[in-house]
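Raw contents of structure17.json, JSON, C-alpha atoms (C1' of nucleotides):
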[["chain", "number", "residue", "atom", "x", "y", "z"],
["A", 6, "MET", "CA", 97.32, 35.35, 82.96],
["A", 7, "ASN", "CA", 99.39, 32.26, 82.38],
["A", 8, "ILE", "CA", 101.66, 31.81, 79.45],
["A", 9, "SER", "CA", 99.30, 29.82, 77.27],
["A", 10, "ASP", "CA", 96.60, 32.45, 77.63],
["A", 11, "VAL", "CA", 98.98, 35.14, 76.45],
["A", 12, "ALA", "CA", 100.08, 32.86, 73.66],
["A", 13, "LYS", "CA", 96.48, 32.58, 72.50],
["A", 14, "ALA", "CA", 95.92, 36.31, 72.92],
["A", 15, "THR", "CA", 99.02, 37.36, 70.99],
["A", 16, "GLY", "CA", 99.33, 34.50, 68.53],
["A", 17, "LEU", "CA", 102.90, 33.92, 69.65],
["A", 18, "PRO", "CA", 104.06, 30.38, 70.50],
["A", 19, "VAL", "CA", 104.65, 29.63, 74.17],
["A", 20, "LYS", "CA", 108.26, 28.79, 73.42],
["A", 21, "THR", "CA", 108.78, 32.12, 71.74],
["A", 22, "ILE", "CA", 107.39, 34.02, 74.71],
["A", 23, "ARG", "CA", 109.78, 32.19, 77.05],
["A", 24, "TYR", "CA", 112.57, 33.01, 74.64],
["A", 25, "TYR", "CA", 111.64, 36.69, 74.68],
["A", 26, "GLU", "CA", 111.89, 36.66, 78.44],
["A", 27, "ASP", "CA", 115.23, 34.92, 78.17],
["A", 28, "ILE", "CA", 116.64, 37.75, 76.07],
["A", 29, "ASP", "CA", 115.01, 40.36, 78.31],
["A", 30, "LEU", "CA", 112.43, 41.69, 75.91],
["A", 31, "ILE", "CA", 109.83, 41.12, 78.58],
["A", 32, "THR", "CA", 110.01, 40.56, 82.34],
["A", 33, "PRO", "CA", 106.78, 38.97, 83.52],
["A", 34, "GLY", "CA", 106.24, 38.44, 87.24],
["A", 35, "ARG", "CA", 106.08, 35.06, 88.90],
["A", 36, "GLY", "CA", 103.37, 33.42, 90.98],
["A", 37, "GLU", "CA", 103.97, 31.42, 94.16],
["A", 38, "ASN", "CA", 104.10, 28.23, 92.12],
["A", 39, "GLY", "CA", 106.83, 29.61, 89.90],
["A", 40, "TYR", "CA", 104.52, 30.16, 86.95],
["A", 41, "ARG", "CA", 104.97, 33.32, 84.91],
["A", 42, "ARG", "CA", 102.18, 35.87, 85.47],
["A", 43, "PHE", "CA", 101.60, 38.21, 82.59],
["A", 44, "SER", "CA", 100.21, 41.68, 83.19],
["A", 45, "VAL", "CA", 98.23, 43.64, 80.62],
["A", 46, "GLN", "CA", 101.42, 45.60, 79.94],
["A", 47, "ASP", "CA", 103.30, 42.38, 79.27],
["A", 48, "GLN", "CA", 100.61, 41.33, 76.82],
["A", 49, "HIS", "CA", 100.69, 44.68, 75.15],
["A", 50, "ARG", "CA", 104.46, 44.51, 74.85],
["A", 51, "LEU", "CA", 104.31, 41.03, 73.37],
["A", 52, "ALA", "CA", 101.67, 42.06, 70.86],
["A", 53, "PHE", "CA", 103.88, 45.02, 69.90],
["A", 54, "ILE", "CA", 106.82, 42.70, 69.37],
["A", 55, "GLY", "CA", 104.69, 40.27, 67.40],
["A", 56, "ARG", "CA", 103.56, 42.99, 65.03],
["A", 57, "ALA", "CA", 107.04, 44.42, 64.62],
["A", 58, "ARG", "CA", 108.37, 40.93, 63.90],
["A", 59, "SER", "CA", 105.63, 40.37, 61.34],
["A", 60, "LEU", "CA", 106.88, 43.50, 59.57],
["A", 61, "GLY", "CA", 110.27, 41.81, 59.47],
["A", 62, "PHE", "CA", 112.02, 43.90, 62.12],
["A", 63, "SER", "CA", 114.82, 41.99, 63.81],
["A", 64, "VAL", "CA", 114.54, 41.21, 67.49],
["A", 65, "GLU", "CA", 117.19, 43.85, 68.19],
["A", 66, "ALA", "CA", 115.24, 46.40, 66.17],
["A", 67, "CYS", "CA", 112.18, 45.44, 68.24],
["A", 68, "ARG", "CA", 114.18, 46.18, 71.35],
["A", 69, "SER", "CA", 115.05, 49.65, 70.03],
["A", 70, "LEU", "CA", 111.46, 50.28, 68.98],
["A", 71, "LEU", "CA", 110.20, 49.28, 72.42],
["A", 72, "LEU", "CA", 112.66, 51.65, 74.04],
["A", 73, "LEU", "CA", 111.45, 54.47, 71.82],
["A", 74, "TYR", "CA", 107.85, 53.49, 72.42],
["A", 75, "ASN", "CA", 108.35, 53.82, 76.16],
["A", 76, "ASP", "CA", 110.29, 57.05, 75.83],
["A", 77, "ARG", "CA", 107.95, 60.01, 76.10],
["A", 78, "ASP", "CA", 110.75, 62.29, 74.92],
["A", 79, "ARG", "CA", 111.49, 60.36, 71.77],
["A", 80, "ALA", "CA", 111.78, 62.01, 68.38],
["A", 81, "SER", "CA", 109.71, 60.39, 65.65],
["A", 82, "ALA", "CA", 112.77, 60.90, 63.44],
["A", 83, "ASP", "CA", 114.52, 58.12, 65.35],
["A", 84, "VAL", "CA", 111.67, 55.71, 64.72],
["A", 85, "LYS", "CA", 111.50, 56.72, 61.10],
["A", 86, "ARG", "CA", 115.20, 56.16, 60.62],
["A", 87, "ILE", "CA", 114.97, 52.61, 61.97],
["A", 88, "ALA", "CA", 111.98, 51.91, 59.77],
["A", 89, "ARG", "CA", 113.68, 53.35, 56.70],
["A", 90, "GLU", "CA", 116.80, 51.29, 57.23],
["A", 91, "HIS", "CA", 114.64, 48.23, 57.57],
["A", 92, "LEU", "CA", 112.66, 49.11, 54.47],
["A", 93, "ALA", "CA", 115.89, 49.47, 52.49],
["A", 94, "GLU", "CA", 116.96, 46.01, 53.61],
["A", 95, "ILE", "CA", 113.59, 44.54, 52.67],
["A", 96, "GLU", "CA", 113.79, 46.10, 49.24],
["A", 97, "ARG", "CA", 117.28, 44.72, 48.78],
["A", 98, "LYS", "CA", 116.15, 41.22, 49.66],
["A", 99, "ARG", "CA", 113.08, 41.52, 47.52],
["A", 100, "ASP", "CA", 115.15, 42.60, 44.52],
["A", 101, "GLU", "CA", 117.40, 39.63, 45.07],
["A", 102, "LEU", "CA", 114.42, 37.28, 45.15],
["A", 103, "THR", "CA", 112.98, 38.92, 42.05],
["A", 104, "GLN", "CA", 116.22, 38.28, 40.22],
["A", 105, "MET", "CA", 116.26, 34.66, 41.36],
["A", 106, "ARG", "CA", 112.62, 34.22, 40.42],
["A", 107, "ASP", "CA", 113.14, 35.56, 36.91],
["A", 108, "THR", "CA", 116.17, 33.41, 36.25],
["A", 109, "LEU", "CA", 114.53, 30.32, 37.69],
["A", 110, "PHE", "CA", 111.41, 30.94, 35.70],
["A", 111, "GLN", "CA", 113.41, 31.09, 32.48],
["A", 112, "LEU", "CA", 115.24, 27.88, 33.27],
["A", 113, "ILE", "CA", 112.11, 26.02, 34.33],
["A", 114, "SER", "CA", 110.31, 27.12, 31.19],
["A", 115, "ALA", "CA", 113.13, 25.80, 29.07],
["A", 116, "CYS", "CA", 113.18, 22.40, 30.79],
["A", 117, "ALA", "CA", 111.07, 19.66, 29.23],
["A", 118, "GLY", "CA", 110.51, 17.96, 32.55],
["A", 119, "ASN", "CA", 110.27, 14.50, 31.08],
["A", 120, "ASP", "CA", 112.17, 11.21, 31.56],
["A", 121, "ARG", "CA", 115.07, 12.24, 29.33],
["A", 122, "PRO", "CA", 118.31, 13.50, 30.91],
["A", 123, "ASP", "CA", 118.74, 16.69, 28.87],
["A", 124, "CYS", "CA", 118.17, 19.58, 31.21],
["A", 125, "PRO", "CA", 118.76, 23.30, 30.65],
["A", 126, "ILE", "CA", 118.64, 23.90, 34.39],
["A", 127, "LEU", "CA", 121.61, 21.63, 35.05],
["A", 128, "ALA", "CA", 123.31, 22.90, 31.92],
["A", 129, "ASP", "CA", 123.08, 26.44, 33.22],
["A", 130, "LEU", "CA", 124.34, 25.55, 36.67],
["A", 131, "ALA", "CA", 127.23, 23.71, 35.09],
["A", 132, "SER", "CA", 128.25, 26.43, 32.67],
["A", 133, "GLY", "CA", 127.09, 29.63, 34.31],
["A", 134, "ASP", "CA", 126.10, 31.41, 31.11],
["A", 135, "GLY", "CA", 122.60, 31.79, 32.51],
["A", 136, "SER", "CA", 122.10, 35.43, 33.32],
["B", 17, "MET", "CA", 145.46, 23.93, 42.80],
["B", 18, "ASN", "CA", 145.45, 25.08, 46.40],
["B", 19, "ILE", "CA", 142.39, 26.31, 48.19],
["B", 20, "SER", "CA", 142.98, 30.03, 47.70],
["B", 21, "ASP", "CA", 143.37, 29.55, 43.95],
["B", 22, "VAL", "CA", 140.02, 27.76, 43.76],
["B", 23, "ALA", "CA", 138.54, 30.46, 45.97],
["B", 24, "LYS", "CA", 139.66, 33.08, 43.46],
["B", 25, "ALA", "CA", 138.47, 30.98, 40.52],
["B", 26, "THR", "CA", 135.01, 30.30, 41.95],
["B", 27, "GLY", "CA", 134.45, 33.44, 43.96],
["B", 28, "LEU", "CA", 133.71, 31.34, 47.05],
["B", 29, "PRO", "CA", 135.42, 32.20, 50.35],
["B", 30, "VAL", "CA", 138.10, 29.80, 51.51],
["B", 31, "LYS", "CA", 136.15, 29.10, 54.68],
["B", 32, "THR", "CA", 133.09, 28.18, 52.67],
["B", 33, "ILE", "CA", 135.03, 25.72, 50.55],
["B", 34, "ARG", "CA", 136.36, 24.00, 53.67],
["B", 35, "TYR", "CA", 132.84, 23.91, 55.00],
["B", 36, "TYR", "CA", 131.59, 22.27, 51.81],
["B", 37, "GLU", "CA", 134.20, 19.58, 52.25],
["B", 38, "ASP", "CA", 133.13, 19.19, 55.86],
["B", 39, "ILE", "CA", 129.57, 18.42, 54.83],
["B", 40, "ASP", "CA", 130.77, 16.17, 51.99],
["B", 41, "LEU", "CA", 129.70, 18.28, 49.06],
["B", 42, "ILE", "CA", 133.21, 17.97, 47.71],
["B", 43, "THR", "CA", 136.10, 15.60, 48.46],
["B", 44, "PRO", "CA", 139.32, 17.14, 47.24],
["B", 45, "GLY", "CA", 142.53, 15.11, 47.42],
["B", 46, "ARG", "CA", 145.41, 15.90, 49.73],
["B", 47, "GLY", "CA", 149.07, 16.64, 48.99],
["B", 48, "GLU", "CA", 151.99, 15.28, 51.00],
["B", 49, "ASN", "CA", 151.97, 18.37, 53.16],
["B", 50, "GLY", "CA", 148.31, 17.86, 54.06],
["B", 51, "TYR", "CA", 147.13, 20.70, 51.83],
["B", 52, "ARG", "CA", 143.92, 20.16, 49.85],
["B", 53, "ARG", "CA", 144.57, 19.64, 46.15],
["B", 54, "PHE", "CA", 141.66, 20.62, 43.94],
["B", 55, "SER", "CA", 141.16, 18.92, 40.59],
["B", 56, "VAL", "CA", 139.39, 20.54, 37.67],
["B", 57, "GLN", "CA", 136.32, 18.46, 38.58],
["B", 58, "ASP", "CA", 136.45, 19.82, 42.12],
["B", 59, "GLN", "CA", 136.52, 23.34, 40.74],
["B", 60, "HIS", "CA", 133.69, 22.59, 38.39],
["B", 61, "ARG", "CA", 131.65, 21.14, 41.22],
["B", 62, "LEU", "CA", 132.30, 24.17, 43.42],
["B", 63, "ALA", "CA", 131.33, 26.55, 40.65],
["B", 64, "PHE", "CA", 128.12, 24.54, 40.18],
["B", 65, "ILE", "CA", 127.35, 24.83, 43.87],
["B", 66, "GLY", "CA", 128.15, 28.54, 43.87],
["B", 67, "ARG", "CA", 125.73, 29.17, 41.03],
["B", 68, "ALA", "CA", 122.99, 27.05, 42.56],
["B", 69, "ARG", "CA", 123.44, 28.88, 45.87],
["B", 70, "SER", "CA", 123.24, 32.23, 44.10],
["B", 71, "LEU", "CA", 119.84, 31.10, 42.77],
["B", 72, "GLY", "CA", 118.89, 30.56, 46.37],
["B", 73, "PHE", "CA", 118.93, 26.75, 46.40],
["B", 74, "SER", "CA", 119.61, 25.38, 49.85],
["B", 75, "VAL", "CA", 122.78, 23.39, 50.40],
["B", 76, "GLU", "CA", 120.72, 20.21, 50.56],
["B", 77, "ALA", "CA", 119.04, 21.08, 47.27],
["B", 78, "CYS", "CA", 122.53, 21.61, 45.84],
["B", 79, "ARG", "CA", 123.43, 18.13, 46.98],
["B", 80, "SER", "CA", 120.40, 16.69, 45.16],
["B", 81, "LEU", "CA", 121.15, 18.72, 42.05],
["B", 82, "LEU", "CA", 124.74, 17.51, 42.03],
["B", 83, "LEU", "CA", 123.56, 13.91, 42.30],
["B", 84, "LEU", "CA", 121.23, 14.44, 39.37],
["B", 85, "TYR", "CA", 123.95, 16.24, 37.45],
["B", 86, "ASN", "CA", 126.24, 13.24, 37.81],
["B", 87, "ASP", "CA", 123.52, 10.75, 36.99],
["B", 88, "ARG", "CA", 123.48, 10.03, 33.28],
["B", 89, "ASP", "CA", 120.15, 8.24, 33.67],
["B", 90, "ARG", "CA", 118.40, 11.15, 35.36],
["B", 91, "ALA", "CA", 115.04, 12.42, 34.24],
["B", 92, "SER", "CA", 114.86, 16.16, 33.67],
["B", 93, "ALA", "CA", 111.47, 15.97, 35.41],
["B", 94, "ASP", "CA", 113.28, 15.39, 38.71],
["B", 95, "VAL", "CA", 115.40, 18.50, 38.25],
["B", 96, "LYS", "CA", 112.39, 20.51, 37.18],
["B", 97, "ARG", "CA", 110.43, 19.43, 40.23],
["B", 98, "ILE", "CA", 113.20, 20.59, 42.58],
["B", 99, "ALA", "CA", 113.45, 23.88, 40.75],
["B", 100, "ARG", "CA", 109.69, 24.39, 40.81],
["B", 101, "GLU", "CA", 109.47, 23.75, 44.52],
["B", 102, "HIS", "CA", 112.26, 26.22, 45.04],
["B", 103, "LEU", "CA", 110.57, 28.78, 42.82],
["B", 104, "ALA", "CA", 107.36, 28.42, 44.81],
["B", 105, "GLU", "CA", 109.26, 29.08, 48.01],
["B", 106, "ILE", "CA", 110.95, 32.12, 46.50],
["B", 107, "GLU", "CA", 107.63, 33.51, 45.36],
["B", 108, "ARG", "CA", 106.18, 32.96, 48.80],
["B", 109, "LYS", "CA", 109.04, 34.85, 50.44],
["B", 110, "ARG", "CA", 108.87, 37.57, 47.85],
["B", 111, "ASP", "CA", 105.16, 38.06, 48.42],
["B", 112, "GLU", "CA", 105.80, 38.30, 52.13],
["B", 113, "LEU", "CA", 108.47, 40.95, 51.56],
["B", 114, "THR", "CA", 106.17, 42.82, 49.20],
["B", 115, "GLN", "CA", 103.50, 42.92, 51.87],
["B", 116, "MET", "CA", 106.01, 44.14, 54.45],
["B", 117, "ARG", "CA", 107.36, 46.74, 52.07],
["B", 118, "ASP", "CA", 103.92, 48.15, 51.30],
["B", 119, "THR", "CA", 102.91, 48.37, 54.92],
["B", 120, "LEU", "CA", 106.22, 49.89, 55.95],
["B", 121, "PHE", "CA", 106.06, 52.36, 53.13],
["B", 122, "GLN", "CA", 102.64, 53.54, 54.28],
["B", 123, "LEU", "CA", 103.79, 53.93, 57.84],
["B", 124, "ILE", "CA", 107.00, 55.72, 56.93],
["B", 125, "SER", "CA", 105.12, 58.11, 54.66],
["B", 126, "ALA", "CA", 102.76, 58.96, 57.50],
["B", 127, "CYS", "CA", 105.58, 59.68, 59.95],
["B", 128, "ALA", "CA", 106.77, 63.25, 60.22],
["B", 129, "GLY", "CA", 110.27, 62.21, 61.20],
["B", 130, "ASN", "CA", 110.91, 65.26, 63.31],
["B", 131, "ASP", "CA", 111.84, 65.87, 66.96],
["B", 132, "ARG", "CA", 108.28, 65.42, 68.21],
["B", 133, "PRO", "CA", 107.20, 62.15, 69.80],
["B", 134, "ASP", "CA", 104.01, 61.53, 67.78],
["B", 135, "CYS", "CA", 104.68, 58.59, 65.53],
["B", 136, "PRO", "CA", 102.23, 56.63, 63.37],
["B", 137, "ILE", "CA", 104.74, 53.79, 63.12],
["B", 138, "LEU", "CA", 104.78, 53.22, 66.86],
["B", 139, "ALA", "CA", 101.04, 53.83, 67.02],
["B", 140, "ASP", "CA", 100.48, 51.08, 64.50],
["B", 141, "LEU", "CA", 102.77, 48.65, 66.24],
["B", 142, "ALA", "CA", 101.01, 49.37, 69.51],
["B", 143, "SER", "CA", 97.48, 49.04, 68.22],
["B", 144, "GLY", "CA", 97.80, 46.68, 65.29],
["B", 145, "ASP", "CA", 95.12, 48.34, 63.12],
["B", 146, "GLY", "CA", 97.73, 48.82, 60.45],
["B", 147, "SER", "CA", 96.88, 46.43, 57.65],
["C", 18, "DC", "C1'", 94.43, 8.94, 93.83],
["C", 19, "DT", "C1'", 95.25, 9.13, 89.40],
["C", 20, "DT", "C1'", 94.91, 11.20, 84.91],
["C", 21, "DG", "C1'", 95.72, 14.88, 81.87],
["C", 22, "DA", "C1'", 96.75, 19.37, 80.94],
["C", 23, "DC", "C1'", 99.29, 22.78, 82.41],
["C", 24, "DC", "C1'", 103.76, 24.79, 83.93],
["C", 25, "DT", "C1'", 109.06, 24.82, 84.84],
["C", 26, "DT", "C1'", 114.24, 24.46, 83.41],
["C", 27, "DC", "C1'", 117.89, 23.02, 80.60],
["C", 28, "DC", "C1'", 120.13, 21.10, 76.57],
["C", 29, "DA", "C1'", 120.53, 20.34, 71.76],
["C", 30, "DG", "C1'", 119.56, 21.25, 66.98],
["C", 31, "DT", "C1'", 118.43, 24.18, 63.01],
["C", 32, "DT", "C1'", 121.07, 27.05, 58.30],
["C", 33, "DA", "C1'", 125.11, 28.24, 56.20],
["C", 34, "DC", "C1'", 128.53, 29.96, 57.18],
["C", 35, "DT", "C1'", 132.26, 33.19, 59.73],
["C", 36, "DG", "C1'", 135.89, 34.58, 63.06],
["C", 37, "DG", "C1'", 139.63, 33.39, 65.73],
["C", 38, "DA", "C1'", 143.23, 30.74, 68.06],
["C", 39, "DA", "C1'", 147.05, 27.74, 67.72],
["C", 40, "DC", "C1'", 149.95, 25.65, 64.84],
["C", 41, "DC", "C1'", 152.44, 23.71, 60.35],
["C", 42, "DC", "C1'", 154.58, 24.55, 55.50],
["C", 43, "DT", "C1'", 156.95, 27.25, 51.92],
["C", 44, "DT", "C1'", 159.54, 30.76, 49.97],
["C", 45, "DA", "C1'", 162.26, 34.90, 49.94],
["C", 46, "DT", "C1'", 165.56, 37.73, 52.06],
["C", 47, "DG", "C1'", 169.43, 39.71, 55.31],
["D", 27, "DC", "C1'", 170.99, 30.07, 58.91],
["D", 28, "DA", "C1'", 167.39, 32.73, 61.10],
["D", 29, "DT", "C1'", 163.34, 34.79, 60.31],
["D", 30, "DA", "C1'", 159.32, 36.90, 58.51],
["D", 31, "DA", "C1'", 155.46, 36.89, 55.38],
["D", 32, "DG", "C1'", 151.99, 34.52, 53.48],
["D", 33, "DG", "C1'", 150.14, 30.33, 52.48],
["D", 34, "DG", "C1'", 147.94, 26.11, 54.64],
["D", 35, "DT", "C1'", 145.73, 23.01, 58.66],
["D", 36, "DT", "C1'", 142.35, 21.81, 62.65],
["D", 37, "DC", "C1'", 139.07, 22.80, 66.07],
["D", 38, "DC", "C1'", 135.96, 25.64, 68.81],
["D", 39, "DA", "C1'", 132.61, 29.16, 69.26],
["D", 40, "DG", "C1'", 129.21, 32.34, 67.61],
["D", 41, "DT", "C1'", 125.51, 34.10, 64.57],
["D", 42, "DA", "C1'", 119.37, 34.69, 64.43],
["D", 43, "DA", "C1'", 115.45, 33.40, 66.20],
["D", 44, "DC", "C1'", 113.58, 30.17, 67.52],
["D", 45, "DT", "C1'", 112.04, 24.90, 68.08],
["D", 46, "DG", "C1'", 111.92, 20.16, 69.95],
["D", 47, "DG", "C1'", 112.42, 17.22, 73.62],
["D", 48, "DA", "C1'", 113.47, 15.36, 78.18],
["D", 49, "DA", "C1'", 112.71, 15.40, 83.10],
["D", 50, "DG", "C1'", 110.01, 16.96, 86.43],
["D", 51, "DG", "C1'", 106.68, 20.17, 89.42],
["D", 52, "DT", "C1'", 101.46, 21.89, 89.77],
["D", 53, "DC", "C1'", 96.60, 21.95, 89.42],
["D", 54, "DA", "C1'", 91.66, 20.72, 88.54],
["D", 55, "DA", "C1'", 88.46, 17.02, 87.75],
["D", 56, "DG", "C1'", 86.43, 12.53, 88.41]]
Target encoding structure tokens, full file:
Amino acid sequence: MNISDVAKATGLPVKTIRYYEDIDLITPGRGENGYRRFSVQDQHRLAFIGRARSLGFSVEACRSLLLLYNDRDRASADVKRIAREHLAEIERKRDELTQMRDTLFQLISACAGNDRPDCPILADLASGDGS
Amino acid sequence: MNISDVAKATGLPVKTIRYYEDIDLITPGRGENGYRRFSVQDQHRLAFIGRARSLGFSVEACRSLLLLYNDRDRASADVKRIAREHLAEIERKRDELTQMRDTLFQLISACAGNDRPDCPILADLASGDGS
DNA sequence: CTTGACCTTCCAGTTACTGGAACCCTTATG
DNA sequence: CATAAGGGTTCCAGTAACTGGAAGGTCAAG
């Protein structure tokens, strides 16, 4: 399979797949013409990465997860630990966004949004008595 | 005021303040020794930026907000539009994180987290029948 | 034989800083 | 007066994870 086929199959952009080879997440073979040739394992690996990325795992976390995935002697505790750390980070970010959302919502509600200059949003940013 | 004083006053790192000058968000004066001299307006401007950033506005959005802030003929509608677009983006990201959190939570709950290799987290990443 | 769709590599840009090196200025102290 | 600590300065490089674009090789069809 050529790169664009794998791109279609995995939903990953061609550029991204090349990038993943660049950072040694995958090592596809090469044909006589220099084109990358992707095996079923390569595809599988890329799909794995794509799903892990869509769960927000960093590329380095994906690397660790792939290592564990290919390690028959792994302990599920190691996987779980990585996932839990990631979940904690996601919850932290989500809480931050929730806080931002609430504050922004307040400010937006208070703003007339007309052609006059008075604006509670700017007033808050200027004075910082917002939250 | 020297840069470290303003850093203390605004809570922004010294490096960040220099960076903001670099990208022309602020233009502090200079003393005879070449040191930046920050006026009260400079401080005020930096505090404004710091608060906008803490609400998640991008640096470019901060630039727009500062322009509006210094425009006596602004329309609050323009500020409100920027804030609403930003809020929409925040909600989008938050929804994404919520989705990730829920899926991760399911997977983590299903994982024994012991010294055995069986792992629903890896199984899901490998097969993609997770959500 | 040319056109168009592939493929290749390499370089640069994105966001918003952050770390570090090399060096200058100021103030206090032995 | 020398020096050491603690400011300040510039400039360069790196971060994360791609993404866009240029320049050029390859392949199948008409």
By how many Å are atom C1' of C:DA29 and atom CA of B:Asp38 apart?
->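 Taking atom C1' of C:DA29 and atom CA of B:Asp38, their separation equals 20.3 Å.
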Residues of chain A near chain B: apply a cut-off of 6 Å, count all atoms listed in the file, and supply the list as a VMD selection string.
-> chain A and resid 53 56 60 79 to 82 85 99 105 118 to 122 124 130 to 131
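Least-squares alignment of chain A on chain B, taking all C-alpha positions paired one to one, leaves a root-mean-square deviation of 0.1 Å.
Here atom CA of A:Tyr25 stands at a distance of 9.0 Å from atom CA of A:Val64.
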Excluding same-chain residues fewer than 2 positions from D:DG33, what lies within 9 Å of it counting all atoms listed in the file, as a ChimeraX atom specification?
-> /B:20 /C:42-43 /D:31
With a cut-off of 9 Å and counting all atoms listed in the file, select all residues of chain D in contact with chain A and give the selection as a list in words.
->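 Putting it all together, I get DA42, DA43, DC44, DT45, DG51 and DT52 of chain D.
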For C:DT26, which of A:Gln111, A:Asn7, A:Arg23, A:Ala14 is the closest residue, counting all atoms listed in the file?
->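 Closest to C:DT26 of all the choices is A:Arg23.
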Test item: chain C residues at most 10 Å from chain A, counting only C-alpha atoms (C1' of nucleotides), as a PyMOL selection string = chain C and resi 23-25
Tell me, as a PyMOL selection string, which residues lie within 12 Å of C:DG47, counting all atoms listed in the file; anything in the same chain fewer than 4 positions away does not count.
-> chain D and resi 27-30
Stretch 93-99 of chain B: axis-aligned bounding box, 4 Å on each side, centre and edge lengths in Å, one decimal, as AutoDock Vina command-line options:
--center_x 112.9 --center_y 19.6 --center_z 39.0 --size_x 13.0 --size_y 16.5 --size_z 15.2
What's the 12 Å shell around D:DG40, counting all atoms listed in the file, without same-chain residues fewer than 6 positions away, as a PDB file with C-alpha atoms (C1' of nucleotides), in the frame of the given file?
ATOM      1  C1'  DC C  34     128.530  29.960  57.180  1.00  0.00           C
ATOM      2  C1'  DT C  35     132.260  33.190  59.730  1.00  0.00           C
ATOM      3  C1'  DG C  36     135.890  34.580  63.060  1.00  0.00           C
ATOM      4  C1'  DG C  37     139.630  33.390  65.730  1.00  0.00           C
TER       5       DG C  37
END
Expressed in Å, the length from atom CA of A:Met6 to atom CA of A:Ser44 is 7.0 Å
